[in-house]
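Trainee: Sharing structure_11.cif here; it has mmCIF, C-alpha atoms and all ligand atoms.
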data_data
loop_
_atom_site.label_atom_id
_atom_site.label_comp_id
_atom_site.auth_asym_id
_atom_site.auth_seq_id
_atom_site.Cartn_x
_atom_site.Cartn_y
_atom_site.Cartn_z
CA MET G 1 -19.29 17.39 6.50
CA ARG G 2 -16.94 18.58 3.78
CA VAL G 3 -13.35 17.29 3.48
CA THR G 4 -10.78 19.18 1.39
CA PHE G 5 -7.29 17.83 0.79
CA LEU G 6 -4.96 20.84 0.97
CA GLY G 7 -1.84 18.70 0.57
CA THR G 8 -1.26 15.02 -0.15
CA GLY G 9 2.50 14.66 -0.62
CA THR G 10 5.32 13.26 1.45
CA SER G 11 7.83 15.42 3.33
CA TYR G 12 9.69 16.59 0.18
CA GLY G 13 6.53 17.59 -1.64
CA ILE G 14 6.20 16.96 -5.39
CA PRO G 15 7.96 18.15 -7.45
CA MET G 16 11.01 17.67 -5.27
CA PRO G 17 13.48 20.54 -5.68
CA GLY G 18 16.36 19.54 -7.96
CA CYS G 19 14.66 16.40 -9.29
CA ASP G 20 14.02 15.79 -12.99
CA CYS G 21 12.17 12.47 -12.69
CA ALA G 22 9.03 11.80 -14.73
CA VAL G 23 6.66 12.46 -11.81
CA CYS G 24 8.39 15.71 -10.80
CA ARG G 25 8.11 16.86 -14.45
CA SER G 26 4.58 15.50 -14.94
CA PRO G 27 2.05 17.80 -16.64
CA ASP G 28 -0.77 16.17 -14.61
CA PRO G 29 -1.79 18.74 -11.94
CA ARG G 30 -2.55 15.83 -9.58
CA ASP G 31 1.20 15.09 -9.55
CA ARG G 32 1.88 18.41 -7.81
CA ARG G 33 1.58 17.69 -4.11
CA PHE G 34 1.98 20.06 -1.18
CA ARG G 35 2.88 18.50 2.16
CA THR G 36 -0.08 16.82 3.85
CA ALA G 37 -2.90 18.85 5.38
CA ILE G 38 -6.67 18.31 5.38
CA LEU G 39 -9.48 20.80 5.99
CA VAL G 40 -12.74 19.54 7.47
CA GLU G 41 -15.85 21.71 7.62
CA ALA G 42 -18.80 20.68 9.78
CA ALA G 43 -21.29 22.37 12.12
CA GLY G 44 -20.14 25.76 10.83
CA GLN G 45 -16.63 25.00 12.13
CA VAL G 46 -13.42 24.78 10.13
CA LEU G 47 -10.97 22.17 11.42
CA LEU G 48 -7.45 21.81 10.07
CA VAL G 49 -5.49 18.56 10.30
CA ASP G 50 -1.77 19.47 10.52
CA THR G 51 0.24 22.59 9.74
CA PRO G 52 2.78 21.74 7.01
CA PRO G 53 5.45 24.16 5.73
CA ASP G 54 3.16 24.87 2.75
CA LEU G 55 0.28 26.06 4.95
CA ARG G 56 0.44 29.72 3.91
CA SER G 57 0.27 28.81 0.20
CA GLN G 58 -2.50 26.29 0.87
CA CYS G 59 -4.59 28.87 2.74
CA LEU G 60 -4.15 31.36 -0.10
CA ALA G 61 -4.88 28.78 -2.80
CA HIS G 62 -8.13 27.74 -1.14
CA GLY G 63 -9.19 31.18 0.09
CA ILE G 64 -9.50 29.92 3.66
CA ARG G 65 -11.25 32.64 5.67
CA LYS G 66 -11.06 31.08 9.13
CA ILE G 67 -9.68 28.11 11.03
CA ASP G 68 -11.50 27.37 14.28
CA ALA G 69 -9.32 24.55 15.61
CA VAL G 70 -6.37 22.37 14.64
CA LEU G 71 -5.86 18.63 15.05
CA MET G 72 -2.16 17.74 14.98
CA THR G 73 -1.07 14.23 14.03
CA HIS G 74 2.63 14.28 14.97
CA ALA G 75 5.66 16.53 15.22
CA HIS G 76 7.59 15.70 12.05
CA ALA G 77 8.80 18.77 10.17
CA ASP G 78 6.42 18.25 7.25
CA HIS G 79 3.43 18.47 9.62
CA ILE G 80 4.40 21.27 12.02
CA PHE G 81 6.59 23.86 10.29
CA GLY G 82 3.64 25.89 9.08
CA PHE G 83 2.43 26.24 12.69
CA ASP G 84 3.21 29.98 12.74
CA ASP G 85 1.03 30.44 9.64
CA LEU G 86 -1.94 30.04 11.98
CA ARG G 87 -1.25 33.62 13.13
CA PRO G 88 -3.49 35.50 10.68
CA TYR G 89 -6.36 33.33 11.94
CA THR G 90 -5.54 33.34 15.65
CA ASN G 91 -5.11 37.12 15.56
CA ARG G 92 -8.77 37.53 14.59
CA MET G 93 -10.15 35.16 17.24
CA PRO G 94 -11.49 36.44 20.56
CA GLU G 95 -9.98 33.46 22.39
CA PRO G 96 -6.79 31.46 21.74
CA MET G 97 -7.22 28.85 19.01
CA PRO G 98 -7.64 25.29 20.36
CA VAL G 99 -4.98 22.92 19.02
CA TRP G 100 -5.13 19.25 20.01
CA ALA G 101 -2.07 17.01 19.91
CA SER G 102 -0.64 13.87 21.47
CA ALA G 103 1.50 14.43 24.59
CA GLY G 104 4.71 13.86 22.62
CA THR G 105 3.70 16.21 19.82
CA ALA G 106 2.62 18.89 22.29
CA GLN G 107 6.00 18.69 24.01
CA THR G 108 7.90 19.08 20.73
CA LEU G 109 5.70 22.03 19.74
CA ARG G 110 6.47 23.69 23.09
CA ASN G 111 10.21 23.12 22.56
CA ILE G 112 10.22 24.58 19.04
CA PHE G 113 7.65 27.36 19.44
CA ASP G 114 8.76 28.47 22.90
CA TYR G 115 6.39 31.47 22.94
CA LEU G 116 3.61 28.96 23.70
CA ASP G 117 4.75 28.95 27.33
CA LYS G 118 5.65 32.64 27.66
CA PRO G 119 3.33 35.53 28.51
CA PRO G 120 2.40 37.52 25.37
CA ILE G 121 4.20 40.83 24.84
CA PRO G 122 1.65 43.57 24.14
CA GLY G 123 1.90 44.87 20.59
CA THR G 124 3.36 41.66 19.16
CA SER G 125 1.39 39.15 17.07
CA LEU G 126 2.56 35.72 18.08
CA ALA G 127 0.06 32.93 17.48
CA ARG G 128 -2.45 32.72 20.33
CA ILE G 129 -2.78 28.99 20.87
CA ASP G 130 -4.58 26.92 23.47
CA LEU G 131 -2.54 23.72 23.17
CA ARG G 132 -4.44 20.73 24.53
CA ILE G 133 -3.44 17.11 24.88
CA ALA G 134 -5.80 14.63 23.21
CA GLU G 135 -6.15 11.52 25.36
CA GLY G 136 -9.51 10.22 24.19
CA PRO G 137 -12.71 11.17 22.36
CA PHE G 138 -14.20 14.62 22.97
CA ASP G 139 -16.77 16.97 21.44
CA PHE G 140 -16.17 20.30 19.71
CA HIS G 141 -19.35 22.17 18.72
CA GLY G 142 -21.19 18.87 18.33
CA ILE G 143 -18.38 17.32 16.27
CA ARG G 144 -17.03 14.11 17.80
CA LEU G 145 -13.23 13.98 17.65
CA THR G 146 -11.35 10.79 18.45
CA PRO G 147 -7.55 10.43 18.40
CA LEU G 148 -6.37 7.28 16.59
CA PRO G 149 -2.99 6.02 17.85
CA ALA G 150 -0.76 4.67 15.06
CA GLU G 151 2.77 3.34 14.74
CA HIS G 152 5.07 5.70 12.82
CA GLY G 153 8.72 5.34 13.82
CA HIS G 154 9.56 7.26 17.01
CA ALA G 155 6.69 9.74 16.57
CA ASP G 156 3.89 9.96 19.15
CA MET G 157 1.52 9.62 16.21
CA ILE G 158 -2.25 9.96 16.24
CA GLY G 159 -4.68 10.05 13.35
CA TRP G 160 -8.12 11.56 13.80
CA LYS G 161 -11.67 10.31 13.48
CA ILE G 162 -14.14 13.13 12.88
CA GLU G 163 -17.86 12.44 13.22
CA HIS G 164 -20.83 14.71 12.68
CA GLN G 165 -24.51 14.02 12.02
CA GLY G 166 -23.96 10.30 11.45
CA ARG G 167 -21.05 10.79 9.02
CA SER G 168 -17.49 9.75 9.84
CA PHE G 169 -14.07 10.47 8.40
CA ALA G 170 -10.82 8.87 9.60
CA ALA G 171 -7.43 10.32 8.59
CA ILE G 172 -4.09 8.70 9.41
CA PRO G 173 -1.59 10.40 7.08
CA ASP G 174 1.61 8.82 8.42
CA CYS G 175 1.65 5.23 9.66
CA LYS G 176 3.48 1.92 9.39
CA GLN G 177 0.94 -0.12 11.37
CA LEU G 178 -2.43 0.43 12.98
CA PRO G 179 -3.14 -1.16 16.38
CA PRO G 180 -6.36 -3.22 16.71
CA ASP G 181 -8.18 -0.47 18.65
CA THR G 182 -7.53 2.04 15.89
CA LEU G 183 -8.62 -0.44 13.22
CA GLY G 184 -11.82 -0.98 15.18
CA LEU G 185 -12.50 2.75 15.42
CA CYS G 186 -11.97 3.19 11.67
CA ARG G 187 -14.08 0.20 10.62
CA GLY G 188 -17.06 1.14 8.48
CA ALA G 189 -16.24 4.87 8.30
CA ASP G 190 -17.74 6.80 5.40
CA LEU G 191 -14.29 7.96 4.33
CA VAL G 192 -10.84 6.84 5.40
CA VAL G 193 -7.41 7.99 4.26
CA ILE G 194 -4.12 6.33 5.23
CA ASP G 195 -0.44 6.47 4.30
CA ALA G 196 0.88 4.83 1.10
CA LEU G 197 4.28 6.36 0.45
CA ARG G 198 5.50 4.38 -2.57
CA ILE G 199 5.91 0.87 -4.02
CA ARG G 200 9.17 0.00 -2.23
CA PRO G 201 8.94 -0.71 1.50
CA HIS G 202 9.87 2.00 4.00
CA PRO G 203 10.71 1.49 7.70
CA THR G 204 8.12 3.99 9.03
CA HIS G 205 5.53 4.40 6.24
CA MET G 206 3.18 1.91 4.61
CA ASN G 207 3.79 1.18 0.96
CA PHE G 208 0.94 0.28 -1.40
CA ASP G 209 1.17 -3.45 -0.59
CA GLU G 210 0.77 -2.69 3.11
CA ALA G 211 -1.96 -0.06 2.81
CA ILE G 212 -4.30 -2.11 0.58
CA PRO G 213 -5.06 -4.94 3.07
CA VAL G 214 -5.47 -2.41 5.90
CA LEU G 215 -7.98 -0.43 3.85
CA ARG G 216 -9.76 -3.71 3.02
CA GLU G 217 -9.95 -4.60 6.69
CA ILE G 218 -11.33 -1.15 7.57
CA GLY G 219 -13.95 -1.46 4.84
CA ALA G 220 -14.85 2.20 4.57
CA ARG G 221 -17.46 3.37 2.07
CA ARG G 222 -14.66 5.26 0.34
CA SER G 223 -10.92 4.57 0.80
CA LEU G 224 -8.04 6.86 -0.12
CA VAL G 225 -4.26 6.86 0.22
CA ILE G 226 -2.13 9.93 0.94
CA HIS G 227 1.47 11.05 1.62
CA LEU G 228 2.72 9.86 -1.78
CA CYS G 229 6.31 10.43 -2.90
CA HIS G 230 7.64 11.15 -6.39
CA GLU G 231 8.27 7.48 -7.14
CA VAL G 232 4.57 7.02 -8.01
CA SER G 233 2.47 9.19 -10.32
CA HIS G 234 -1.20 9.81 -9.60
CA ALA G 235 -2.16 7.73 -12.63
CA GLN G 236 0.13 4.86 -11.62
CA ALA G 237 -1.17 4.98 -8.04
CA GLY G 238 -4.70 4.60 -9.35
CA GLN G 239 -3.67 1.46 -11.23
CA LEU G 240 -1.93 -0.03 -8.20
CA LEU G 241 -5.08 0.22 -6.09
CA PRO G 242 -8.07 -2.13 -6.38
CA GLY G 243 -11.62 -0.91 -7.02
CA GLY G 244 -13.06 1.30 -4.30
CA MET G 245 -9.63 2.73 -3.44
CA ALA G 246 -7.97 5.79 -4.95
CA PRO G 247 -5.09 8.17 -4.34
CA ALA G 248 -6.02 11.53 -2.80
CA TYR G 249 -4.76 14.62 -4.63
CA ASP G 250 -4.38 18.29 -3.77
CA GLY G 251 -7.69 20.07 -4.09
CA LEU G 252 -9.81 16.92 -3.86
CA ARG G 253 -13.05 17.82 -2.08
CA ILE G 254 -15.50 15.25 -0.73
CA GLU G 255 -18.95 15.92 0.74
CA LEU G 256 -20.04 13.35 3.30
ZN ZN L 301 4.66 13.20 6.97
ZN ZN L 302 11.25 13.43 -8.70
ZN ZN L 303 5.86 11.60 9.77
#
Kindly return the structure encoded in the file as structure tokens.

Mentor:
Amino acid sequence: MRVTFLGTGTSYGIPMPGCDCAVCRSPDPRDRRFRTAILVEAAGQVLLVDTPPDLRSQCLAHGIRKIDAVLMTHAHADHIFGFDDLRPYTNRMPEPMPVWASAGTAQTLRNIFDYLDKPPIPGTSLARIDLRIAEGPFDFHGIRLTPLPAEHGHADMIGWKIEHQGRSFAAIPDCKQLPPDTLGLCRGADLVVIDALRIRPHPTHMNFDEAIPVLREIGARRSLVIHLCHEVSHAQAGQLLPGGMAPAYDGLRIEL
């Protein structure tokens, strides 16, 4: 299994337009963060976690040739407003692209992208999507996919556990708290990534002080944080985290 972080920033991205802070002006390329998306390759399949507004640029930057399926986490703007950028990939597929989402996220997607419920008009190129509701674990080409419910404000939020050939990766990009069942499903994963927005507390995101004990409890072989805002540089984030934990950054690629 190969995991590539296409974007690791919070909803504004970094740099934030109009901001002259030290992180937004940082020369460190790891301080440039697109909105959060993760590509997972396994069993010859390419899975995408979330469709942020930067998706087109991310696909071009990484030369992504195909996307076989999408795993949505929740329907906040920074995770869904690149949904239409799936079109160049869906257009080349013989069948509609499977997209899994929680019931709440699926409903919001149907409200915003209303063509999902309308018959296609011949000659047009709307995304051809097979939107499915994820209610429990299922298999996709031998890859085990398990939705991971998480608390994140009013969002019907799910992270994803992806397992193939004895390797496991759990991704929960936006969360304030993880219920015991989700903690149990994440425990002992080869790689886990969760939300750590900044140093100050936030009502719907974990800060560093909240993420660290959760990552300790999960005890993954490798632990990362994601969805950082411009109040923390990559270098500073690295210093805030104990050994065995690190901030993700755009372009980070991990083979499991
Ligand atoms: Zn987000
Ligand atoms: Zn800034
Ligand atoms: Zn969110």

Trainee: When the cut-off is 10 Å and you count all atoms listed in the file, which residues lie near ligand ZN 302 (chain L), shown as a ChimeraX atom specification?

Mentor: /G:12-26,229-233

Trainee: Between CA of Gly243 (chain G) and CA of Gly219 (chain G), what is the distance in Å, rounded to a tenth?

Mentor: 12.1 Å

Trainee: Return as a compact mmCIF listing (two decimals) with C-alpha atoms, in the frame of the given file every polymer residue, whether protein, DNA or RNA, with at least one atom no more than 7 Å from an atom of ligand ZN 303 (chain L); count all atoms listed in the file.

Mentor:
# COMPACT_ATOMS: atom_id res chain seq x y z
CA HIS G 74 2.63 14.28 14.97
CA HIS G 76 7.59 15.70 12.05
CA HIS G 152 5.07 5.70 12.82
CA ASP G 174 1.61 8.82 8.42

Trainee: Choose the residue, out of G:Leu241, G:Ala134, G:Met157, G:Ile226, that has the smallest atom-to-atom separation from Pro98 (chain G); count only C-alpha atoms.

Mentor: G:Ala134

Trainee: Would you compute the distance between CA of Leu185 (chain G) and CA of Ile158 (chain G)? Give it in Å to one decimal.

Mentor: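 Atom-to-atom, CA of Leu185 (chain G) and CA of Ile158 (chain G) are spaced 12.6 Å apart.
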
Trainee: Please determine, counting all atoms listed in the file, which residue among G:Thr182, G:Thr204, G:Asn111, G:Ser125 has the shortest atom-to-atom distance to ligand ZN 301 (chain L).

Mentor: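 Result for the nearest residue to ligand ZN 301 (chain L): G:Thr204.
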
Trainee: Find the residues of chain G that sit at most 8 Å from ligand ZN 301 (chain L); for each, write down the nearest two atoms and how far apart they are in Å, to one decimal. Count all atoms listed in the file. Sort by chain, then by number going up, and give it as JSON lines.

Mentor:
{"residue": "G:Thr10", "atom": "CA", "partner": "L:ZN301", "partner_atom": "ZN", "distance": 5.6}
{"residue": "G:Ser11", "atom": "CA", "partner": "L:ZN301", "partner_atom": "ZN", "distance": 5.3}
{"residue": "G:Arg35", "atom": "CA", "partner": "L:ZN301", "partner_atom": "ZN", "distance": 7.4}
{"residue": "G:Thr36", "atom": "CA", "partner": "L:ZN301", "partner_atom": "ZN", "distance": 6.7}
{"residue": "G:His76", "atom": "CA", "partner": "L:ZN301", "partner_atom": "ZN", "distance": 6.4}
{"residue": "G:Ala77", "atom": "CA", "partner": "L:ZN301", "partner_atom": "ZN", "distance": 7.6}
{"residue": "G:Asp78", "atom": "CA", "partner": "L:ZN301", "partner_atom": "ZN", "distance": 5.4}
{"residue": "G:His79", "atom": "CA", "partner": "L:ZN301", "partner_atom": "ZN", "distance": 6.0}
{"residue": "G:Pro173", "atom": "CA", "partner": "L:ZN301", "partner_atom": "ZN", "distance": 6.8}
{"residue": "G:Asp174", "atom": "CA", "partner": "L:ZN301", "partner_atom": "ZN", "distance": 5.5}
{"residue": "G:His227", "atom": "CA", "partner": "L:ZN301", "partner_atom": "ZN", "distance": 6.6}

Trainee: Convert the current residue selection to file output with C-alpha atoms, as an mmCIF file, in the frame of the given file.

Mentor:
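Output saved as again.cif:
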data_model
loop_
_atom_site.group_PDB
_atom_site.id
_atom_site.type_symbol
_atom_site.label_atom_id
_atom_site.label_comp_id
_atom_site.auth_asym_id
_atom_site.auth_seq_id
_atom_site.Cartn_x
_atom_site.Cartn_y
_atom_site.Cartn_z
ATOM 1 C CA THR G 10 5.320 13.260 1.450
ATOM 2 C CA SER G 11 7.830 15.420 3.330
ATOM 3 C CA ARG G 35 2.880 18.500 2.160
ATOM 4 C CA THR G 36 -0.080 16.820 3.850
ATOM 5 C CA HIS G 76 7.590 15.700 12.050
ATOM 6 C CA ALA G 77 8.800 18.770 10.170
ATOM 7 C CA ASP G 78 6.420 18.250 7.250
ATOM 8 C CA HIS G 79 3.430 18.470 9.620
ATOM 9 C CA PRO G 173 -1.590 10.400 7.080
ATOM 10 C CA ASP G 174 1.610 8.820 8.420
ATOM 11 C CA HIS G 227 1.470 11.050 1.620
#

Trainee: Report the distance between CA of Asp28 (chain G) and CA of Pro53 (chain G) in Å, rounded to one decimal place.

Mentor: 22.7 Å

Trainee: Within 12 Å of (5.5, 28.8, 22.8) (coordinates as in the file), grab all the protein and nucleic acid residues, counting only C-alpha atoms, and write them out as a list of chain:residue names.

Mentor: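 It turns out the residues near that spot are G:Phe83, G:Asp84, G:Ala106, G:Gln107, G:Thr108, G:Leu109, G:Arg110, G:Asn111, G:Ile112, G:Phe113, G:Asp114, G:Tyr115, G:Leu116, G:Asp117, G:Lys118, G:Pro119, G:Pro120, G:Leu126, G:Ala127, G:Arg128, G:Ile129, G:Asp130, G:Leu131.
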
Trainee: Given the choices G:Met93, G:His164, G:Ala155, G:Arg200, which gets closest to Ala75 (chain G) if the distance is worked out from only C-alpha atoms?

Mentor: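 Of the candidates, the smallest distance to Ala75 (chain G) is held by G:Ala155.
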
Trainee: Which is closer to Leu86 (chain G) than all the others in G:Arg33, G:Arg56, G:His62, G:Lys161, using only C-alpha atoms?

Mentor: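 For Leu86 (chain G), the nearest of the given residues is G:Arg56.
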
Trainee: Skip Asp139 (chain G) itself and residues of its chain fewer than 2 positions away, then list as a list in words all residues within 12 Å of it, counting all atoms listed in the file.

Mentor: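 Surrounding residues, per the criterion: Ala43, Trp100, Ala134, Gly136, Pro137, His141, Gly142, Ile143, Arg144, Leu145, Thr146, Pro147, Lys161, Ile162, Glu163 and His164 of chain G.
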
Trainee: Any chance you can output those residues with C-alpha atoms as a compact mmCIF listing (two decimals), keeping the file's coordinate frame?

Mentor:
# COMPACT_ATOMS: atom_id res chain seq x y z
CA ALA G 43 -21.29 22.37 12.12
CA TRP G 100 -5.13 19.25 20.01
CA ALA G 134 -5.80 14.63 23.21
CA GLY G 136 -9.51 10.22 24.19
CA PRO G 137 -12.71 11.17 22.36
CA HIS G 141 -19.35 22.17 18.72
CA GLY G 142 -21.19 18.87 18.33
CA ILE G 143 -18.38 17.32 16.27
CA ARG G 144 -17.03 14.11 17.80
CA LEU G 145 -13.23 13.98 17.65
CA THR G 146 -11.35 10.79 18.45
CA PRO G 147 -7.55 10.43 18.40
CA LYS G 161 -11.67 10.31 13.48
CA ILE G 162 -14.14 13.13 12.88
CA GLU G 163 -17.86 12.44 13.22
CA HIS G 164 -20.83 14.71 12.68

Trainee: Give, as lines of an AutoDock Vina configuration file, the centre coordinates and the x, y and z edge lengths in Å to one decimal for an axis-aligned box around all listed atoms of region 91-103 of chain G, padded by 4 Å on each side.

Mentor:
center_x = -5.0
center_y = 25.7
center_z = 19.6
size_x = 21.0
size_y = 31.7
size_z = 18.0

Trainee: Restricting the calculation to all atoms listed in the file: of G:Cys59, G:Asp156, G:Leu197, G:Asp85, which residue gets closest to Gly104 (chain G)?

Mentor: G:Asp156
